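Asks: mmCIF, C-alpha atoms (C1' of nucleotides), file run-v3.cif:
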data_model
loop_
_atom_site.label_atom_id
_atom_site.label_comp_id
_atom_site.auth_asym_id
_atom_site.auth_seq_id
_atom_site.Cartn_x
_atom_site.Cartn_y
_atom_site.Cartn_z
CA MET A 1 -72.33 -41.12 -86.46
CA SER A 2 -74.87 -38.39 -86.04
CA TYR A 3 -75.33 -35.37 -88.21
CA HIS A 4 -73.16 -33.34 -85.90
CA HIS A 5 -69.65 -34.53 -85.34
CA GLY A 6 -69.42 -32.84 -81.98
CA ASP A 7 -65.70 -32.22 -81.80
CA LEU A 8 -64.81 -31.51 -85.37
CA ARG A 9 -62.46 -28.65 -84.63
CA ARG A 10 -60.24 -30.73 -82.40
CA ALA A 11 -60.39 -33.73 -84.70
CA MET A 12 -59.39 -31.60 -87.66
CA THR A 13 -56.40 -29.96 -86.03
CA ALA A 14 -55.18 -33.33 -84.81
CA ALA A 15 -55.58 -34.93 -88.21
CA ALA A 16 -53.94 -31.92 -89.85
CA ALA A 17 -50.93 -32.08 -87.53
CA THR A 18 -50.50 -35.77 -88.27
CA ALA A 19 -50.84 -35.29 -92.00
CA VAL A 20 -48.36 -32.41 -92.04
CA ALA A 21 -45.90 -34.45 -89.99
CA GLU A 22 -46.13 -37.32 -92.42
CA ARG A 23 -46.22 -35.61 -95.78
CA GLY A 24 -45.58 -31.94 -95.28
CA PRO A 25 -47.83 -28.90 -95.36
CA ALA A 26 -47.97 -28.75 -99.14
CA ALA A 27 -49.58 -32.17 -99.41
CA LEU A 28 -52.28 -31.34 -96.91
CA SER A 29 -55.77 -31.71 -98.34
CA LEU A 30 -58.77 -30.30 -96.56
CA ARG A 31 -60.97 -32.81 -98.30
CA GLU A 32 -58.83 -35.66 -97.08
CA LEU A 33 -59.06 -34.36 -93.53
CA ALA A 34 -62.81 -34.20 -93.92
CA ARG A 35 -62.88 -37.78 -95.15
CA ILE A 36 -60.80 -38.91 -92.17
CA ALA A 37 -63.13 -37.13 -89.79
CA GLY A 38 -66.13 -38.61 -91.55
CA VAL A 39 -67.71 -35.30 -92.50
CA SER A 40 -68.44 -33.60 -95.77
CA HIS A 41 -65.76 -31.74 -97.67
CA ALA A 42 -67.19 -28.37 -96.76
CA ALA A 43 -67.47 -28.88 -93.03
CA PRO A 44 -63.95 -27.63 -92.20
CA ALA A 45 -64.63 -24.27 -93.80
CA HIS A 46 -67.23 -23.48 -91.17
CA HIS A 47 -64.73 -23.82 -88.34
CA PHE A 48 -61.54 -22.60 -89.96
CA GLY A 49 -62.56 -20.50 -92.92
CA ASP A 50 -59.93 -21.82 -95.27
CA LYS A 51 -56.82 -23.95 -95.48
CA ALA A 52 -54.64 -21.32 -93.85
CA GLY A 53 -57.17 -21.21 -91.05
CA VAL A 54 -56.64 -24.89 -90.30
CA LEU A 55 -52.88 -24.48 -90.26
CA THR A 56 -53.21 -21.35 -88.13
CA ALA A 57 -55.10 -23.41 -85.59
CA VAL A 58 -52.36 -26.05 -85.66
CA ALA A 59 -49.67 -23.41 -85.25
CA THR A 60 -51.52 -21.80 -82.37
CA GLU A 61 -51.80 -25.15 -80.64
CA GLY A 62 -48.10 -25.64 -81.28
CA TYR A 63 -47.08 -22.36 -79.68
CA THR A 64 -49.20 -23.17 -76.67
CA LEU A 65 -47.65 -26.61 -76.31
CA LEU A 66 -44.19 -25.11 -76.72
CA ALA A 67 -44.81 -22.51 -74.04
CA GLU A 68 -45.94 -25.25 -71.66
CA ALA A 69 -42.90 -27.37 -72.43
CA LEU A 70 -40.57 -24.44 -71.84
CA GLN A 71 -42.19 -23.56 -68.56
CA GLU A 72 -41.90 -27.12 -67.35
CA ALA A 73 -38.21 -27.05 -68.20
CA GLY A 74 -37.66 -24.36 -65.60
CA ASP A 75 -35.04 -21.62 -65.52
CA ASP A 76 -32.12 -23.59 -66.87
CA LEU A 77 -31.16 -22.50 -70.37
CA LEU A 78 -29.83 -25.91 -71.34
CA ALA A 79 -32.96 -27.65 -70.11
CA ALA A 80 -35.05 -25.18 -72.06
CA GLY A 81 -33.04 -25.87 -75.18
CA ILE A 82 -33.52 -29.59 -74.81
CA ALA A 83 -37.22 -29.05 -74.20
CA TYR A 84 -37.36 -26.98 -77.37
CA VAL A 85 -35.70 -29.68 -79.45
CA ARG A 86 -37.82 -32.37 -77.88
CA PHE A 87 -40.98 -30.42 -78.64
CA ALA A 88 -39.99 -30.11 -82.29
CA VAL A 89 -39.27 -33.81 -82.60
CA ASP A 90 -42.38 -34.85 -80.71
CA HIS A 91 -44.65 -32.50 -82.65
CA PRO A 92 -43.12 -32.25 -86.12
CA GLY A 93 -46.44 -31.34 -87.70
CA HIS A 94 -46.91 -28.37 -85.43
CA PHE A 95 -43.30 -27.30 -85.71
CA ALA A 96 -43.30 -27.41 -89.50
CA VAL A 97 -46.17 -24.98 -89.64
CA MET A 98 -45.37 -22.60 -86.79
CA PHE A 99 -42.53 -20.74 -88.46
CA ASP A 100 -43.85 -20.63 -92.00
CA ARG A 101 -45.78 -17.40 -92.26
CA SER A 102 -46.78 -18.12 -95.84
CA LEU A 103 -49.03 -20.92 -94.62
CA LEU A 104 -50.78 -19.00 -91.88
CA HIS A 105 -53.04 -16.10 -91.14
CA ALA A 106 -50.19 -14.28 -89.49
CA ASP A 107 -52.41 -11.59 -88.03
CA ASP A 108 -54.76 -14.00 -86.29
CA ALA A 109 -55.33 -12.85 -82.73
CA GLY A 110 -55.12 -16.28 -81.12
CA LEU A 111 -51.95 -17.07 -83.01
CA ARG A 112 -50.26 -13.86 -81.94
CA ALA A 113 -51.22 -14.46 -78.33
CA ALA A 114 -49.81 -17.98 -78.39
CA GLU A 115 -46.65 -16.72 -80.07
CA GLN A 116 -46.12 -14.17 -77.37
CA ALA A 117 -46.75 -16.75 -74.70
CA SER A 118 -43.86 -18.88 -75.89
CA ALA A 119 -41.72 -15.80 -76.55
CA ALA A 120 -42.30 -14.83 -72.95
CA ALA A 121 -41.30 -18.29 -71.81
CA LEU A 122 -38.06 -17.89 -73.74
CA ALA A 123 -37.21 -14.43 -72.53
CA GLY A 124 -35.84 -14.14 -69.03
CA LEU A 125 -33.85 -17.35 -69.39
CA ALA A 126 -30.82 -15.57 -70.80
CA PRO A 127 -28.94 -12.60 -69.32
CA ASP A 128 -29.29 -10.37 -72.38
CA ALA A 129 -31.06 -10.17 -75.74
CA ASP A 130 -28.16 -11.52 -77.74
CA ALA A 131 -27.75 -14.50 -75.45
CA SER A 132 -31.45 -15.16 -75.72
CA ARG A 133 -31.38 -14.95 -79.49
CA ALA A 134 -28.33 -17.18 -79.58
CA ALA A 135 -29.94 -19.85 -77.43
CA TRP A 136 -33.11 -19.71 -79.47
CA SER A 137 -31.12 -19.91 -82.70
CA VAL A 138 -29.11 -23.00 -81.70
CA ALA A 139 -32.13 -24.87 -80.44
CA HIS A 140 -34.24 -23.89 -83.43
CA GLY A 141 -31.48 -24.58 -85.89
CA PHE A 142 -30.61 -27.95 -84.43
CA ALA A 143 -34.25 -28.98 -84.35
CA SER A 144 -34.78 -27.91 -87.95
CA LEU A 145 -31.67 -29.65 -89.19
CA TRP A 146 -32.56 -32.78 -87.27
CA LEU A 147 -36.08 -32.86 -88.66
CA SER A 148 -34.83 -32.32 -92.19
CA GLY A 149 -32.39 -35.19 -91.79
CA ALA A 150 -29.34 -32.98 -92.21
CA ILE A 151 -28.26 -34.04 -88.73
CA SER A 152 -29.07 -37.55 -87.60
CA GLY A 153 -28.16 -40.10 -84.96
CA PRO A 154 -29.55 -42.70 -82.62
CA ASP A 155 -30.88 -40.26 -80.03
CA VAL A 156 -31.95 -36.66 -80.44
CA VAL A 157 -31.28 -35.51 -76.93
CA ALA A 158 -27.87 -37.15 -76.85
CA ALA A 159 -26.99 -35.40 -80.08
CA ALA A 160 -28.48 -32.07 -79.08
CA GLU A 161 -27.00 -31.74 -75.63
CA PRO A 162 -23.35 -31.16 -76.50
CA VAL A 163 -24.42 -28.71 -79.18
CA LEU A 164 -26.73 -26.76 -76.88
CA ARG A 165 -24.22 -26.86 -74.05
CA ARG A 166 -21.72 -25.09 -76.22
CA MET A 167 -24.09 -22.16 -76.30
CA ALA A 168 -25.29 -22.32 -72.74
CA PRO A 169 -22.35 -23.48 -70.68
CA THR A 170 -23.99 -24.46 -67.44
CA PRO A 171 -22.16 -26.40 -64.76
CA GLY A 172 -23.18 -30.00 -64.37
CA MET B 173 -40.97 -15.95 -129.51
CA SER B 174 -40.20 -19.12 -131.38
CA TYR B 175 -41.60 -22.55 -130.78
CA HIS B 176 -38.60 -23.42 -128.68
CA HIS B 177 -37.95 -21.29 -125.67
CA GLY B 178 -34.28 -22.10 -125.63
CA ASP B 179 -33.51 -21.73 -121.97
CA LEU B 180 -36.67 -22.90 -120.32
CA ARG B 181 -34.96 -24.84 -117.55
CA ARG B 182 -33.05 -21.85 -116.30
CA ALA B 183 -36.03 -19.54 -116.68
CA MET B 184 -38.24 -21.93 -114.74
CA THR B 185 -35.90 -22.37 -111.79
CA ALA B 186 -35.39 -18.62 -111.57
CA ALA B 187 -39.12 -17.93 -111.71
CA ALA B 188 -39.76 -20.70 -109.19
CA ALA B 189 -37.21 -19.31 -106.74
CA THR B 190 -38.77 -15.88 -107.00
CA ALA B 191 -42.29 -17.18 -106.57
CA VAL B 192 -41.32 -19.29 -103.55
CA ALA B 193 -39.56 -16.34 -101.99
CA GLU B 194 -42.62 -14.18 -102.41
CA ARG B 195 -45.45 -16.50 -101.55
CA GLY B 196 -44.01 -19.72 -100.21
CA PRO B 197 -43.60 -23.18 -101.72
CA ALA B 198 -47.23 -24.14 -101.17
CA ALA B 199 -48.51 -21.36 -103.38
CA LEU B 200 -46.23 -22.31 -106.24
CA SER B 201 -48.12 -23.10 -109.43
CA LEU B 202 -46.44 -24.82 -112.33
CA ARG B 203 -48.98 -23.36 -114.68
CA GLU B 204 -48.21 -19.86 -113.46
CA LEU B 205 -44.51 -20.44 -114.02
CA ALA B 206 -45.29 -21.63 -117.51
CA ARG B 207 -47.34 -18.51 -118.17
CA ILE B 208 -44.49 -16.32 -116.94
CA ALA B 209 -42.07 -18.13 -119.20
CA GLY B 210 -44.51 -17.86 -122.08
CA VAL B 211 -44.82 -21.59 -122.71
CA SER B 212 -47.63 -24.08 -122.41
CA HIS B 213 -48.50 -25.51 -119.03
CA ALA B 214 -47.06 -28.89 -119.92
CA ALA B 215 -43.65 -27.71 -121.00
CA PRO B 216 -42.11 -27.79 -117.50
CA ALA B 217 -42.93 -31.46 -117.13
CA HIS B 218 -40.52 -32.32 -119.87
CA HIS B 219 -37.59 -30.77 -118.05
CA PHE B 220 -38.48 -31.44 -114.45
CA GLY B 221 -40.95 -34.30 -114.44
CA ASP B 222 -43.23 -32.86 -111.82
CA LYS B 223 -43.56 -30.11 -109.26
CA ALA B 224 -41.11 -31.73 -106.88
CA GLY B 225 -38.69 -31.88 -109.78
CA VAL B 226 -38.80 -28.12 -110.20
CA LEU B 227 -38.20 -27.56 -106.51
CA THR B 228 -35.43 -30.15 -106.51
CA ALA B 229 -33.71 -28.14 -109.22
CA VAL B 230 -34.10 -24.97 -107.14
CA ALA B 231 -32.73 -26.71 -104.06
CA THR B 232 -29.79 -28.09 -105.99
CA GLU B 233 -28.99 -24.64 -107.29
CA GLY B 234 -29.28 -23.38 -103.73
CA TYR B 235 -26.81 -25.88 -102.32
CA THR B 236 -24.37 -25.01 -105.06
CA LEU B 237 -24.69 -21.30 -104.36
CA LEU B 238 -24.30 -21.94 -100.64
CA ALA B 239 -21.16 -23.99 -101.15
CA GLU B 240 -19.68 -21.19 -103.22
CA ALA B 241 -20.58 -18.58 -100.64
CA LEU B 242 -19.02 -20.64 -97.86
CA GLN B 243 -15.84 -21.20 -99.80
CA GLU B 244 -15.51 -17.50 -100.51
CA ALA B 245 -15.87 -16.83 -96.79
CA GLY B 246 -12.66 -18.69 -96.12
CA ASP B 247 -11.57 -20.62 -93.04
CA ASP B 248 -13.02 -18.31 -90.42
CA LEU B 249 -16.02 -19.84 -88.66
CA LEU B 250 -17.63 -16.48 -87.95
CA ALA B 251 -17.23 -15.35 -91.53
CA ALA B 252 -18.74 -18.62 -92.68
CA GLY B 253 -21.67 -18.14 -90.36
CA ILE B 254 -22.29 -14.66 -91.67
CA ALA B 255 -22.01 -15.96 -95.22
CA TYR B 256 -24.58 -18.62 -94.37
CA VAL B 257 -27.05 -16.09 -93.00
CA ARG B 258 -26.44 -13.75 -95.86
CA PHE B 259 -27.07 -16.52 -98.35
CA ALA B 260 -30.39 -17.37 -96.71
CA VAL B 261 -31.52 -13.75 -96.75
CA ASP B 262 -30.31 -13.12 -100.29
CA HIS B 263 -31.88 -16.32 -101.63
CA PRO B 264 -34.97 -16.91 -99.51
CA GLY B 265 -36.67 -18.92 -102.23
CA HIS B 266 -33.80 -21.38 -102.44
CA PHE B 267 -33.38 -21.54 -98.70
CA ALA B 268 -37.05 -22.24 -98.05
CA VAL B 269 -36.92 -25.28 -100.28
CA MET B 270 -33.51 -26.72 -99.48
CA PHE B 271 -34.32 -28.14 -96.08
CA ASP B 272 -37.85 -29.32 -96.70
CA ARG B 273 -37.57 -32.90 -97.83
CA SER B 274 -41.30 -33.22 -98.32
CA LEU B 275 -41.09 -30.87 -101.28
CA LEU B 276 -38.18 -32.54 -103.02
CA HIS B 277 -37.03 -35.69 -104.72
CA ALA B 278 -34.67 -36.37 -101.84
CA ASP B 279 -32.86 -39.16 -103.66
CA ASP B 280 -32.05 -37.10 -106.73
CA ALA B 281 -28.41 -37.58 -107.67
CA GLY B 282 -27.69 -33.95 -108.48
CA LEU B 283 -29.31 -32.81 -105.28
CA ARG B 284 -27.29 -35.20 -103.16
CA ALA B 285 -24.09 -34.12 -104.83
CA ALA B 286 -24.83 -30.46 -104.24
CA GLU B 287 -25.76 -31.20 -100.63
CA GLN B 288 -22.47 -32.92 -100.04
CA ALA B 289 -20.61 -30.07 -101.68
CA SER B 290 -21.94 -27.59 -99.15
CA ALA B 291 -21.57 -30.09 -96.32
CA ALA B 292 -17.93 -30.42 -97.28
CA ALA B 293 -17.57 -26.64 -97.25
CA LEU B 294 -18.95 -26.64 -93.72
CA ALA B 295 -16.83 -29.44 -92.38
CA GLY B 296 -13.24 -28.64 -91.61
CA LEU B 297 -14.12 -25.19 -90.34
CA ALA B 298 -14.66 -26.42 -86.81
CA PRO B 299 -12.28 -28.46 -84.63
CA ASP B 300 -14.73 -31.31 -83.96
CA ALA B 301 -18.12 -32.62 -85.04
CA ASP B 302 -20.03 -31.05 -82.19
CA ALA B 303 -18.52 -27.65 -82.83
CA SER B 304 -19.37 -28.00 -86.47
CA ARG B 305 -22.95 -28.96 -85.70
CA ALA B 306 -23.21 -26.14 -83.22
CA ALA B 307 -21.99 -23.56 -85.72
CA TRP B 308 -24.31 -24.92 -88.37
CA SER B 309 -27.22 -24.90 -85.94
CA VAL B 310 -26.80 -21.28 -84.85
CA ALA B 311 -26.39 -20.00 -88.36
CA HIS B 312 -29.27 -22.06 -89.65
CA GLY B 313 -31.49 -21.24 -86.72
CA PHE B 314 -30.81 -17.54 -86.86
CA ALA B 315 -31.41 -17.46 -90.60
CA SER B 316 -34.68 -19.37 -90.25
CA LEU B 317 -35.94 -17.21 -87.42
CA TRP B 318 -34.97 -14.04 -89.26
CA LEU B 319 -36.74 -15.13 -92.43
CA SER B 320 -39.86 -16.09 -90.51
CA GLY B 321 -39.91 -12.69 -88.85
CA ALA B 322 -39.38 -14.12 -85.37
CA ILE B 323 -36.17 -12.11 -85.14
CA SER B 324 -36.03 -8.76 -86.88
CA GLY B 325 -34.02 -5.59 -87.00
CA PRO B 326 -32.57 -2.95 -89.30
CA ASP B 327 -29.63 -5.03 -90.50
CA VAL B 328 -29.26 -8.78 -90.70
CA VAL B 329 -25.52 -8.97 -90.42
CA ALA B 330 -25.44 -6.55 -87.51
CA ALA B 331 -28.02 -8.67 -85.73
CA ALA B 332 -26.40 -11.98 -86.62
CA GLU B 333 -22.82 -11.19 -85.72
CA PRO B 334 -23.10 -11.05 -81.93
CA VAL B 335 -25.21 -14.19 -81.98
CA LEU B 336 -22.80 -16.10 -84.18
CA ARG B 337 -19.79 -14.79 -82.28
CA ARG B 338 -21.15 -16.31 -79.11
CA MET B 339 -20.79 -19.69 -80.74
CA ALA B 340 -17.55 -19.09 -82.57
CA PRO B 341 -15.53 -16.78 -80.40
CA THR B 342 -12.85 -15.59 -82.77
CA PRO B 343 -10.52 -12.73 -81.95
CA GLY B 344 -11.13 -9.51 -83.85
"C1'" DC C 345 -94.56 -25.93 -79.93
"C1'" DT C 346 -92.00 -22.15 -82.29
"C1'" DG C 347 -88.20 -19.81 -83.67
"C1'" DC C 348 -83.01 -19.30 -83.44
"C1'" DT C 349 -78.43 -20.44 -84.30
"C1'" DA C 350 -74.47 -23.19 -84.85
"C1'" DT C 351 -73.24 -27.11 -87.40
"C1'" DC C 352 -72.99 -29.82 -91.33
"C1'" DT C 353 -74.38 -31.24 -96.40
"C1'" DT C 354 -75.08 -30.88 -101.30
"C1'" DG C 355 -74.07 -28.71 -105.53
"C1'" DT C 356 -71.07 -26.08 -108.21
"C1'" DC C 357 -66.97 -23.59 -110.18
"C1'" DA C 358 -62.30 -22.30 -111.65
"C1'" DA C 359 -57.64 -23.78 -111.09
"C1'" DT C 360 -54.23 -27.18 -110.56
"C1'" DG C 361 -50.98 -31.30 -111.37
"C1'" DG C 362 -50.25 -34.77 -114.24
"C1'" DA C 363 -50.61 -38.04 -118.28
"C1'" DA C 364 -51.13 -39.06 -123.24
"C1'" DA C 365 -50.47 -38.11 -127.88
"C1'" DG C 366 -49.17 -35.14 -131.40
"C1'" DA C 367 -46.67 -31.08 -133.56
"C1'" DT C 368 -42.34 -28.50 -134.36
"C1'" DG C 369 -37.76 -27.51 -135.37
"C1'" DA C 370 -32.72 -28.12 -134.85
"C1'" DG C 371 -29.08 -30.92 -135.97
"C1'" DT C 372 -27.05 -35.04 -138.32
"C1'" DC C 373 -25.90 -38.02 -141.89
"C1'" DG C 374 -26.78 -39.94 -146.46
"C1'" DC D 375 -30.08 -31.04 -150.90
"C1'" DG D 376 -33.25 -34.43 -148.45
"C1'" DA D 377 -34.57 -37.83 -144.97
"C1'" DC D 378 -34.00 -39.25 -140.35
"C1'" DT D 379 -33.71 -38.60 -135.37
"C1'" DC D 380 -34.50 -36.57 -131.19
"C1'" DA D 381 -35.20 -33.10 -127.78
"C1'" DT D 382 -38.50 -29.60 -127.06
"C1'" DC D 383 -42.97 -27.83 -126.78
"C1'" DT D 384 -48.34 -27.96 -127.57
"C1'" DT D 385 -52.97 -29.67 -127.29
"C1'" DT D 386 -56.26 -32.30 -125.10
"C1'" DC D 387 -58.05 -34.59 -121.31
"C1'" DC D 388 -58.98 -36.20 -116.42
"C1'" DA D 389 -59.22 -36.52 -111.27
"C1'" DT D 390 -58.51 -33.65 -107.37
"C1'" DT D 391 -58.56 -29.57 -104.91
"C1'" DG D 392 -60.02 -25.05 -102.39
"C1'" DA D 393 -63.60 -22.09 -102.08
"C1'" DC D 394 -68.26 -20.44 -102.35
"C1'" DA D 395 -73.48 -20.50 -102.15
"C1'" DA D 396 -77.63 -22.33 -100.61
"C1'" DG D 397 -80.08 -25.61 -98.12
"C1'" DA D 398 -80.76 -29.30 -94.48
"C1'" DT D 399 -80.40 -30.73 -89.55
"C1'" DA D 400 -80.43 -30.61 -84.74
"C1'" DG D 401 -79.83 -28.78 -80.22
"C1'" DC D 402 -81.69 -25.16 -77.30
"C1'" DA D 403 -84.14 -21.14 -75.41
"C1'" DG D 404 -88.43 -19.07 -74.95
#
Write out the structure in this file as C-alpha cells.
Replies:
Amino acid sequence: MSYHHGDLRRAMTAAAATAVAERGPAALSLRELARIAGVSHAAPAHHFGDKAGVLTAVATEGYTLLAEALQEAGDDLLAAGIAYVRFAVDHPGHFAVMFDRSLLHADDAGLRAAEQASAAALAGLAPDADASRAAWSVAHGFASLWLSGAISGPDVVAAAEPVLRRMAPTPG
Amino acid sequence: MSYHHGDLRRAMTAAAATAVAERGPAALSLRELARIAGVSHAAPAHHFGDKAGVLTAVATEGYTLLAEALQEAGDDLLAAGIAYVRFAVDHPGHFAVMFDRSLLHADDAGLRAAEQASAAALAGLAPDADASRAAWSVAHGFASLWLSGAISGPDVVAAAEPVLRRMAPTPG
DNA sequence: CTGCTATCTTGTCAATGGAAAGATGAGTCG
DNA sequence: CGACTCATCTTTCCATTGACAAGATAGCAG
C-alpha cells in the first residue's frame, strides 16, 4: 500500500453506502471508513470536506443509479415503480441517505443535478402531475415501509406489484 | 429548580422530538437535551438507558399519537390518509424516528405495542391486504416526500388529497 | 533537477455517549 | 419523630468522534 491510495473517493463512498445500509446513517464513522480504506483518519476530509460531504456523495451516486434504473425500465409506469422499489432494496444505503436533507449538503451542485436527472426520468411517465406524484408516492412509500420492516414477505417484487398496480392500472 | 426535575421523562421526549424535527436524528445530542432541561448530562440515562432509548420513547409516543389520529379520522380511507399525512407534517420529529429501526430499540415492548395499535387502526379500513398496503404506501410515501422537500406546495392537504384519492376513490 | 499541486499523515482540540460511584430527597414504616 | 428504602439526579472519568492546522509525500510539468 503506497502513500497514495489512488481511488480513495470511490472506496469511501462504497464503504459509506455499505456501512449506512448495515447500521444506519447515524452510526457512520468517518474514522471507521478511513480504517477500512487503510488511510489516516483525516484523509476523507480532503475529498469530501466533512461527514455531510461523504453522505452527499453517496446520495448523488444514488440519484444517478436511480435515474439509470428508471430509464432502463422504459415508459411503463408499473415497470418504473418496480424498478424504483428494486433500486431501494438493492441499494438501501444510498436510499436511506437520499431523502434525508438533514444529512446532506442540500445545495451541492452535483447533488442537485443528479436529483433533477432522476426527477426527469420520473416525469413524463404519468399523464398529469397528480398521477406522477401518486405513482412516486406509492413506490417510495412501499419501498420505505419494506426497508423499515413494516411490510415484509418472501419476495419484494411479488409484494410490490399488486400494490403498485393499484395505482398504475396497466393492462397485462 | 430543585434537585429533582419532576417530569424529566416528558421534558426529554418533547425536547428530543423538537430537536429531531429541526436538525434531524443524527444531530441529536443527549447532553444538549440535558442542558435544555436544566439537568446534568447523565440524568437522561437513568430514564432512557441510552440515546436509542430516548428515540424509542419518541417513536412510541409517535405511534400512539398516530393511532389516535387515525381513529379520529373514522372509517373513511381518504380521511385516514389525510390524517396520516397531517400527523407526519404536524409531528415531523416523531415521524422521522418512527420508521428508522437503526435508531431505535426495535424490540422494546412499549414500542411494539404502540406499533400494533396504529397498525390495528390502519387495518380494517381497506377491503383486502393489498388495498391496505397500497393506502399505507401512498400516504407514507407522500408524507415522506413532502417532508424531504421532494414534493412541495402551499398547502399539504390540498396537495395530498388528489394523490390519496387516486388510491382510495371515495365518492364525495 | 526544480518547483508545483493534489493527496495523505500526524498532532491536537472540544464535544459526545456511556459507565461508575456517590449525593439528594421523597415517601414509608417503625 | 426517626430510620430505612428507593427512585432520581450529580460528579467524575474514559474512549471515540468530527473537525482543524500544519507538515510530509509523491506524481508531474517545465
Asks: Taking all atoms listed in the file into account and nothing else, which residues of chain C lie no more than 9 Å away from chain B? Please answer as a PDB file with C-alpha atoms (C1' of nucleotides), in the coordinates of the input.
Replies:
ATOM      1  C1'  DT C 360     -54.230 -27.180-110.560  1.00  0.00           C
ATOM      2  C1'  DG C 361     -50.980 -31.300-111.370  1.00  0.00           C
ATOM      3  C1'  DG C 362     -50.250 -34.770-114.240  1.00  0.00           C
ATOM      4  C1'  DT C 368     -42.340 -28.500-134.360  1.00  0.00           C
ATOM      5  C1'  DG C 369     -37.760 -27.510-135.370  1.00  0.00           C
TER       6       DG C 369
END
Asks: Identify all chain D residues at most 9 Å from chain B by counting only C-alpha atoms (C1' of nucleotides); ligands do not count. Present them as a PDB file with C-alpha atoms (C1' of nucleotides), keeping the file's coordinate frame.
Replies:
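That gives us out_4.pdb:
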ATOM      1  C1'  DT D 382     -38.500 -29.600-127.060  1.00  0.00           C
ATOM      2  C1'  DC D 383     -42.970 -27.830-126.780  1.00  0.00           C
ATOM      3  C1'  DT D 384     -48.340 -27.960-127.570  1.00  0.00           C
TER       4       DT D 384
END
Asks: Report as a VMD selection string the full result of the PyMOL selection byres ((chain A) within 10 of (chain B)) when it is applied to this structure.
Replies: chain A and resid 20 to 28 96 98 to 103 115 119 129 to 151 159 to 168
Asks: For those residues, write C-alpha atoms to a file as a PDB file, in the frame of the given file.
Replies:
ATOM      1  CA  VAL A  20     -48.360 -32.410 -92.040  1.00  0.00           C
ATOM      2  CA  ALA A  21     -45.900 -34.450 -89.990  1.00  0.00           C
ATOM      3  CA  GLU A  22     -46.130 -37.320 -92.420  1.00  0.00           C
ATOM      4  CA  ARG A  23     -46.220 -35.610 -95.780  1.00  0.00           C
ATOM      5  CA  GLY A  24     -45.580 -31.940 -95.280  1.00  0.00           C
ATOM      6  CA  PRO A  25     -47.830 -28.900 -95.360  1.00  0.00           C
ATOM      7  CA  ALA A  26     -47.970 -28.750 -99.140  1.00  0.00           C
ATOM      8  CA  ALA A  27     -49.580 -32.170 -99.410  1.00  0.00           C
ATOM      9  CA  LEU A  28     -52.280 -31.340 -96.910  1.00  0.00           C
ATOM     10  CA  ALA A  96     -43.300 -27.410 -89.500  1.00  0.00           C
ATOM     11  CA  MET A  98     -45.370 -22.600 -86.790  1.00  0.00           C
ATOM     12  CA  PHE A  99     -42.530 -20.740 -88.460  1.00  0.00           C
ATOM     13  CA  ASP A 100     -43.850 -20.630 -92.000  1.00  0.00           C
ATOM     14  CA  ARG A 101     -45.780 -17.400 -92.260  1.00  0.00           C
ATOM     15  CA  SER A 102     -46.780 -18.120 -95.840  1.00  0.00           C
ATOM     16  CA  LEU A 103     -49.030 -20.920 -94.620  1.00  0.00           C
ATOM     17  CA  GLU A 115     -46.650 -16.720 -80.070  1.00  0.00           C
ATOM     18  CA  ALA A 119     -41.720 -15.800 -76.550  1.00  0.00           C
ATOM     19  CA  ALA A 129     -31.060 -10.170 -75.740  1.00  0.00           C
ATOM     20  CA  ASP A 130     -28.160 -11.520 -77.740  1.00  0.00           C
ATOM     21  CA  ALA A 131     -27.750 -14.500 -75.450  1.00  0.00           C
ATOM     22  CA  SER A 132     -31.450 -15.160 -75.720  1.00  0.00           C
ATOM     23  CA  ARG A 133     -31.380 -14.950 -79.490  1.00  0.00           C
ATOM     24  CA  ALA A 134     -28.330 -17.180 -79.580  1.00  0.00           C
ATOM     25  CA  ALA A 135     -29.940 -19.850 -77.430  1.00  0.00           C
ATOM     26  CA  TRP A 136     -33.110 -19.710 -79.470  1.00  0.00           C
ATOM     27  CA  SER A 137     -31.120 -19.910 -82.700  1.00  0.00           C
ATOM     28  CA  VAL A 138     -29.110 -23.000 -81.700  1.00  0.00           C
ATOM     29  CA  ALA A 139     -32.130 -24.870 -80.440  1.00  0.00           C
ATOM     30  CA  HIS A 140     -34.240 -23.890 -83.430  1.00  0.00           C
ATOM     31  CA  GLY A 141     -31.480 -24.580 -85.890  1.00  0.00           C
ATOM     32  CA  PHE A 142     -30.610 -27.950 -84.430  1.00  0.00           C
ATOM     33  CA  ALA A 143     -34.250 -28.980 -84.350  1.00  0.00           C
ATOM     34  CA  SER A 144     -34.780 -27.910 -87.950  1.00  0.00           C
ATOM     35  CA  LEU A 145     -31.670 -29.650 -89.190  1.00  0.00           C
ATOM     36  CA  TRP A 146     -32.560 -32.780 -87.270  1.00  0.00           C
ATOM     37  CA  LEU A 147     -36.080 -32.860 -88.660  1.00  0.00           C
ATOM     38  CA  SER A 148     -34.830 -32.320 -92.190  1.00  0.00           C
ATOM     39  CA  GLY A 149     -32.390 -35.190 -91.790  1.00  0.00           C
ATOM     40  CA  ALA A 150     -29.340 -32.980 -92.210  1.00  0.00           C
ATOM     41  CA  ILE A 151     -28.260 -34.040 -88.730  1.00  0.00           C
ATOM     42  CA  ALA A 159     -26.990 -35.400 -80.080  1.00  0.00           C
ATOM     43  CA  ALA A 160     -28.480 -32.070 -79.080  1.00  0.00           C
ATOM     44  CA  GLU A 161     -27.000 -31.740 -75.630  1.00  0.00           C
ATOM     45  CA  PRO A 162     -23.350 -31.160 -76.500  1.00  0.00           C
ATOM     46  CA  VAL A 163     -24.420 -28.710 -79.180  1.00  0.00           C
ATOM     47  CA  LEU A 164     -26.730 -26.760 -76.880  1.00  0.00           C
ATOM     48  CA  ARG A 165     -24.220 -26.860 -74.050  1.00  0.00           C
ATOM     49  CA  ARG A 166     -21.720 -25.090 -76.220  1.00  0.00           C
ATOM     50  CA  MET A 167     -24.090 -22.160 -76.300  1.00  0.00           C
ATOM     51  CA  ALA A 168     -25.290 -22.320 -72.740  1.00  0.00           C
TER      52      ALA A 168
END
Asks: Hey, what's within 12 Å of Ala11 of chain A if we count all atoms listed in the file and toss same-chain stuff fewer than 4 positions away? As a list in words, please?
Replies: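 What passes the distance filter is His5, Gly6, Asp7, Ala15, Ala16, Ala17, Thr18, Leu33, Ala34, Arg35, Ile36, Ala37, Gly38, Val39, Ala43, Pro44, His47, Val54, Ala57 and Val58 of chain A.
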Asks: Name the residues that the PyMOL selection byres ((chain D and resi 380) around 10) picks from the file above, as a list of chain:residue names, using the file's chain letters and numbers.
Replies: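 Expected selection for the PyMOL selection byres ((chain D and resi 380) around 10) here is C:DA370, C:DG371, D:DC378, D:DT379, D:DA381, D:DT382.
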